[in-house]
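Quick notes on the structure that follows.
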Amino acid sequence: MTVQELPGAGASHRSTPPPWRPRTDAAPLLPDPEPYRVLGTEAADRLDPALMRRCYAELVRGRRYNAQATALTRQGRLAVYPSTVGQEACEIAAALVLEEQDWLFPSYRDTLAAVARGLDPVQALTLLRGDWHTGYDPRELRIAPLSTPLATQLPHAVGLAHAARLRGDDVVALAMVGDGGTSEGDFHEAMNFAAVWQAPVVFLVQNNGFAISVPLAKQSAAPTLAHKAVGYGMPGRLVDGNDVAAMHEVLSEAVRRARAGGGPTMIEAVTYRIEAHTNADDATRYRGDAEVEAWKAHDPVLLLERELTARGILDEEGIRVEREAAEEMAATLREGMNADPVLDPMDLFAHVYAEQTGRLREQAAMLRAELEAGDE
C-alpha cells in the first residue's frame with residue numbers, strides 16, 4: 001500500500017488536529033538575562049537598615065563559623081567539613097526568609113543555613129564528627145537532616161509541603177541543593193511533582209561552579225540552571241548569590257508566592273566556593289588561582305560591608321562589635337567540639353523502630369551481656 005492509499009493521506013481526507021491542552025506562556029517564567037543584583041545599584045536605595053544589619057551580623061558570624069569548623073578538621077575533631085566560604089549570602093538569606101512554622105531542607109554543605117536558623121553550632125557539626133546520623137531533632141527547629149546524598153532531600157521537601165497543604169497548614173518548604181545536584185534524577189522528580197501539584201516549595205540552587213571537580217559546562221548545556229524551571233512550568237530566577245540583599249528579596253518573594261498558593265519557584269544563585277570541596281579535596285587540580293582571586297573580589301561579606309558603610313548604616317564600631325560576637329561564637333564552638341562525646345553502644349538500638357522487634361531485643365541483650373562481661 002502506498003502512502004497515497006493510506007486512509008486520510010490524500011488531500012481530500014485532511015482533518016484538523018485534535019484539541020490539545022493550552023500550555024502556560026513561558027515568557028513570565030523565564031529568568032532575567034543577567035543575575036539580579038541590589039548592592040551597588042539604584043535598588044539599594046530601598047534597603048531596610050535593620051534587616052541589613054542583621055544580615056551583616058549573620059554573614060560575619062558565618063564566615064567565622066566556616067573558619068572555625070575548617071580548623072577543627074585539621075585538629076582531628078571533625079572527620080570532614082564542606083566549607084561555604086564565599087557562599088554565606090545564600091546560606092544566611094535562606095534561613096532568614098522562613099517563618100517559624102516553615103521547613104528548611106539543607107544539603108550536607110548547608111550547616112551554616114541550619115545554624116542561622118537557630119540550630120546549635122555544635123549540634124550542626126555532630127554528623128560530620130561521626131557521632132550521630134543527624135545530631136539534632138529535626139522537628140524542634142523544622143530543619144530536615146543534612147542530606148549527604150545529592151538531591152535526595154528535594155522530594156522530601158515536596159512531599160512535606162504537599163502534605164501540609166492538604167492538611168491546611170501554613171507551611172512553606174525551602175530546599176537547598178548545589179549545581180551538581182541538578183543532574184540527579186531526584187531533582188527532576190521533585191521539580192515535576194512540585195509544579196504539577198503546585199506545592200508550596202522554593203528550590204534554591206547554589207551554583208558555585210563545580211560539582212566537586214566537574215565544572216558546570218560539563219554537566220549542563222542549559223543557558224542557565226534557572227532556565228530548567230520553565231520546562232516544569234514554574235518561574236526561574238537568576239540571582240547574584242553573593243548579594244545578600246538580592247538573595248533575601250528574591251527568596252522572600254518566592255516564599256510569599258508559595259504561601260499564597262502560587263506554587264513553587266526555582267532560584268539559581270550564582271556564587272563561588274572559595275575553598276576546596278572539603279578538607280579531603282585538592283582544588284588546585286581543577287581550577288587556577290586567578291579564578292579564585294577574581295571571586296574573592298566579589299566577597300559577600302565585603303560587598304555588604306562596603307554598601308552599609310557608604311550609606312552610614314554601619315561604622316567601625318559596628319564592625320568591631322559583630323566581629324567580637326563572632327569570636328565568642330567560635331570560642332563556644334571550640335569548647336563544645338573539644339569535649340569528648342559520651343557514647344553509649346546501646347544507642348545502636350534506640351532509634352531504629354518505635355517498638356523494638358524481637359530480633360533487635362535479642363541483639364541488644366547479647367551486646368549488653370558482652371559489655372557487662374568486659375567491665376568485670
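Identifiers in this document derive from the order of the C-alpha cells: chains are assigned A, B, ..., residues are numbered from 1 separately in each chain, and ligands are numbered from 1 in order of occurrence.
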
Determine, using only C-alpha atoms, which residues of stretch 191-241 of chain A have any atom at most 10 Å from an atom of stretch 164-176 of chain A, and tabulate each with its shortest atom pair and distance in Å to one decimal place, rows ordered by chain and then rising number, as JSON lines.
```
{"residue": "A:Gln198", "atom": "CA", "partner": "A:Arg165", "partner_atom": "CA", "distance": 9.7}
{"residue": "A:Ala199", "atom": "CA", "partner": "A:Arg165", "partner_atom": "CA", "distance": 7.4}
{"residue": "A:Pro200", "atom": "CA", "partner": "A:Val172", "partner_atom": "CA", "distance": 5.2}
{"residue": "A:Val201", "atom": "CA", "partner": "A:Ala173", "partner_atom": "CA", "distance": 4.8}
{"residue": "A:Val202", "atom": "CA", "partner": "A:Leu174", "partner_atom": "CA", "distance": 4.7}
{"residue": "A:Phe203", "atom": "CA", "partner": "A:Ala175", "partner_atom": "CA", "distance": 5.0}
{"residue": "A:Leu204", "atom": "CA", "partner": "A:Met176", "partner_atom": "CA", "distance": 4.8}
{"residue": "A:Val205", "atom": "CA", "partner": "A:Met176", "partner_atom": "CA", "distance": 6.0}
{"residue": "A:Gln206", "atom": "CA", "partner": "A:Met176", "partner_atom": "CA", "distance": 7.4}
```

Original post:
With only C-alpha atoms as the basis for distance, which of A:Arg23, A:Arg117, A:His162, A:Arg53 is at the shortest distance from A:Gly263?
Top reply: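 Counting only C-alpha atoms, the residue closest to A:Gly263 is A:His162.
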
Might you pull out every residue within 12 Å of A:Asp299, with only C-alpha atoms counted and same-chain residues fewer than 3 positions away left off, and present them as a JSON list (two decimals) with N, CA and C atoms, in the first residue's frame?
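The result, written out as around_17.json:
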```
[["chain", "number", "residue", "atom", "x", "y", "z"],
["A", 59, "LEU", "N", 26.41, 37.26, 58.42],
["A", 59, "LEU", "CA", 27.49, 36.98, 57.47],
["A", 59, "LEU", "C", 28.83, 36.90, 58.18],
["A", 60, "VAL", "N", 29.09, 37.86, 59.08],
["A", 60, "VAL", "CA", 30.36, 37.86, 59.82],
["A", 60, "VAL", "C", 30.45, 36.61, 60.70],
["A", 63, "ARG", "N", 31.10, 33.58, 58.41],
["A", 63, "ARG", "CA", 32.48, 33.47, 57.93],
["A", 63, "ARG", "C", 33.37, 32.89, 59.04],
["A", 84, "THR", "N", 31.49, 26.69, 53.29],
["A", 84, "THR", "CA", 30.66, 27.58, 52.46],
["A", 84, "THR", "C", 31.26, 28.99, 52.40],
["A", 85, "VAL", "N", 32.57, 29.11, 52.55],
["A", 85, "VAL", "CA", 33.22, 30.41, 52.40],
["A", 85, "VAL", "C", 32.99, 30.90, 50.97],
["A", 86, "GLY", "N", 32.43, 32.09, 50.86],
["A", 86, "GLY", "CA", 32.07, 32.65, 49.56],
["A", 86, "GLY", "C", 30.60, 32.49, 49.25],
["A", 87, "GLN", "N", 29.93, 31.56, 49.95],
["A", 87, "GLN", "CA", 28.52, 31.29, 49.70],
["A", 87, "GLN", "C", 27.64, 31.72, 50.87],
["A", 88, "GLU", "N", 28.20, 32.47, 51.81],
["A", 88, "GLU", "CA", 27.46, 32.79, 53.03],
["A", 88, "GLU", "C", 26.17, 33.56, 52.78],
["A", 89, "ALA", "N", 26.13, 34.38, 51.74],
["A", 89, "ALA", "CA", 24.93, 35.17, 51.47],
["A", 89, "ALA", "C", 23.74, 34.26, 51.15],
["A", 240, "ASP", "N", 22.39, 37.08, 41.80],
["A", 240, "ASP", "CA", 23.76, 37.15, 42.28],
["A", 240, "ASP", "C", 23.79, 36.55, 43.68],
["A", 241, "GLY", "N", 24.34, 35.37, 43.80],
["A", 241, "GLY", "CA", 24.34, 34.67, 45.08],
["A", 241, "GLY", "C", 25.24, 35.27, 46.13],
["A", 242, "ASN", "N", 26.08, 36.24, 45.77],
["A", 242, "ASN", "CA", 26.94, 36.90, 46.75],
["A", 242, "ASN", "C", 26.35, 38.22, 47.24],
["A", 243, "ASP", "N", 25.20, 38.58, 46.70],
["A", 243, "ASP", "CA", 24.49, 39.80, 47.07],
["A", 243, "ASP", "C", 23.38, 39.40, 48.04],
["A", 244, "VAL", "N", 23.63, 39.56, 49.34],
["A", 244, "VAL", "CA", 22.67, 39.08, 50.33],
["A", 244, "VAL", "C", 21.35, 39.83, 50.25],
["A", 271, "THR", "N", 27.16, 31.86, 42.59],
["A", 271, "THR", "CA", 28.11, 32.14, 43.66],
["A", 271, "THR", "C", 29.40, 31.37, 43.38],
["A", 272, "TYR", "N", 30.23, 31.21, 44.39],
["A", 272, "TYR", "CA", 31.51, 30.53, 44.16],
["A", 272, "TYR", "C", 32.00, 29.92, 45.46],
["A", 273, "ARG", "N", 32.53, 28.71, 45.35],
["A", 273, "ARG", "CA", 33.12, 28.04, 46.50],
["A", 273, "ARG", "C", 34.60, 28.43, 46.55],
["A", 274, "ILE", "N", 34.94, 29.33, 47.45],
["A", 274, "ILE", "CA", 36.32, 29.83, 47.54],
["A", 274, "ILE", "C", 37.27, 28.74, 47.99],
["A", 292, "VAL", "N", 40.00, 32.06, 41.45],
["A", 292, "VAL", "CA", 39.61, 32.19, 42.86],
["A", 292, "VAL", "C", 39.77, 33.63, 43.32],
["A", 293, "GLU", "N", 40.88, 34.27, 42.94],
["A", 293, "GLU", "CA", 41.12, 35.65, 43.35],
["A", 293, "GLU", "C", 40.07, 36.59, 42.79],
["A", 294, "ALA", "N", 39.62, 36.33, 41.57],
["A", 294, "ALA", "CA", 38.59, 37.18, 40.97],
["A", 294, "ALA", "C", 37.30, 37.12, 41.77],
["A", 295, "TRP", "N", 36.96, 35.95, 42.26],
["A", 295, "TRP", "CA", 35.74, 35.80, 43.06],
["A", 295, "TRP", "C", 35.93, 36.37, 44.47],
["A", 296, "LYS", "N", 37.14, 36.36, 44.98],
["A", 296, "LYS", "CA", 37.37, 36.96, 46.29],
["A", 296, "LYS", "C", 37.07, 38.47, 46.27],
["A", 302, "LEU", "N", 32.26, 41.47, 52.24],
["A", 302, "LEU", "CA", 32.78, 42.79, 51.89],
["A", 302, "LEU", "C", 31.79, 43.60, 51.07],
["A", 303, "LEU", "N", 31.03, 42.93, 50.20],
["A", 303, "LEU", "CA", 30.04, 43.65, 49.39],
["A", 303, "LEU", "C", 29.04, 44.37, 50.28],
["A", 304, "LEU", "N", 28.52, 43.67, 51.27],
["A", 304, "LEU", "CA", 27.53, 44.29, 52.15],
["A", 304, "LEU", "C", 28.19, 45.32, 53.07],
["A", 305, "GLU", "N", 29.39, 45.01, 53.56],
["A", 305, "GLU", "CA", 30.08, 45.94, 54.46],
["A", 305, "GLU", "C", 30.33, 47.27, 53.76],
["A", 306, "ARG", "N", 30.77, 47.24, 52.53],
["A", 306, "ARG", "CA", 31.03, 48.48, 51.79],
["A", 306, "ARG", "C", 29.76, 49.27, 51.55]]
```

Subject >> Selection near stretch 362-369 of chain A, 8 Å with only C-alpha atoms, sequence-local residues under 4 positions removed, as a PyMOL selection string >> reply: chain A and resi 346+349+358+373

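Minimum atom-to-atom distance to A:Ser220, evaluated using only C-alpha atoms, belongs to A:Thr182 out of A:Thr182, A:Glu249, A:Ala190, A:Arg46.
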
Subject >> Within 8 Å of A:Val250 using only C-alpha atoms, minus same-chain residues under 4 positions, as an NGL selection string >> reply: :A and (237 or 239 or 246 or 254)

Subject >> Within 12 Å of A:Asp48 using only C-alpha atoms, minus same-chain residues under 2 positions, as a ChimeraX atom specification >> reply: /A:43-46,50-55,245,248-249,308,311,313

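For the residues A:Phe105, A:Ala95, A:Ala57, A:Val80, ranking by smallest atom-to-atom distance to A:Leu251 using only C-alpha atoms places A:Ala95 first.
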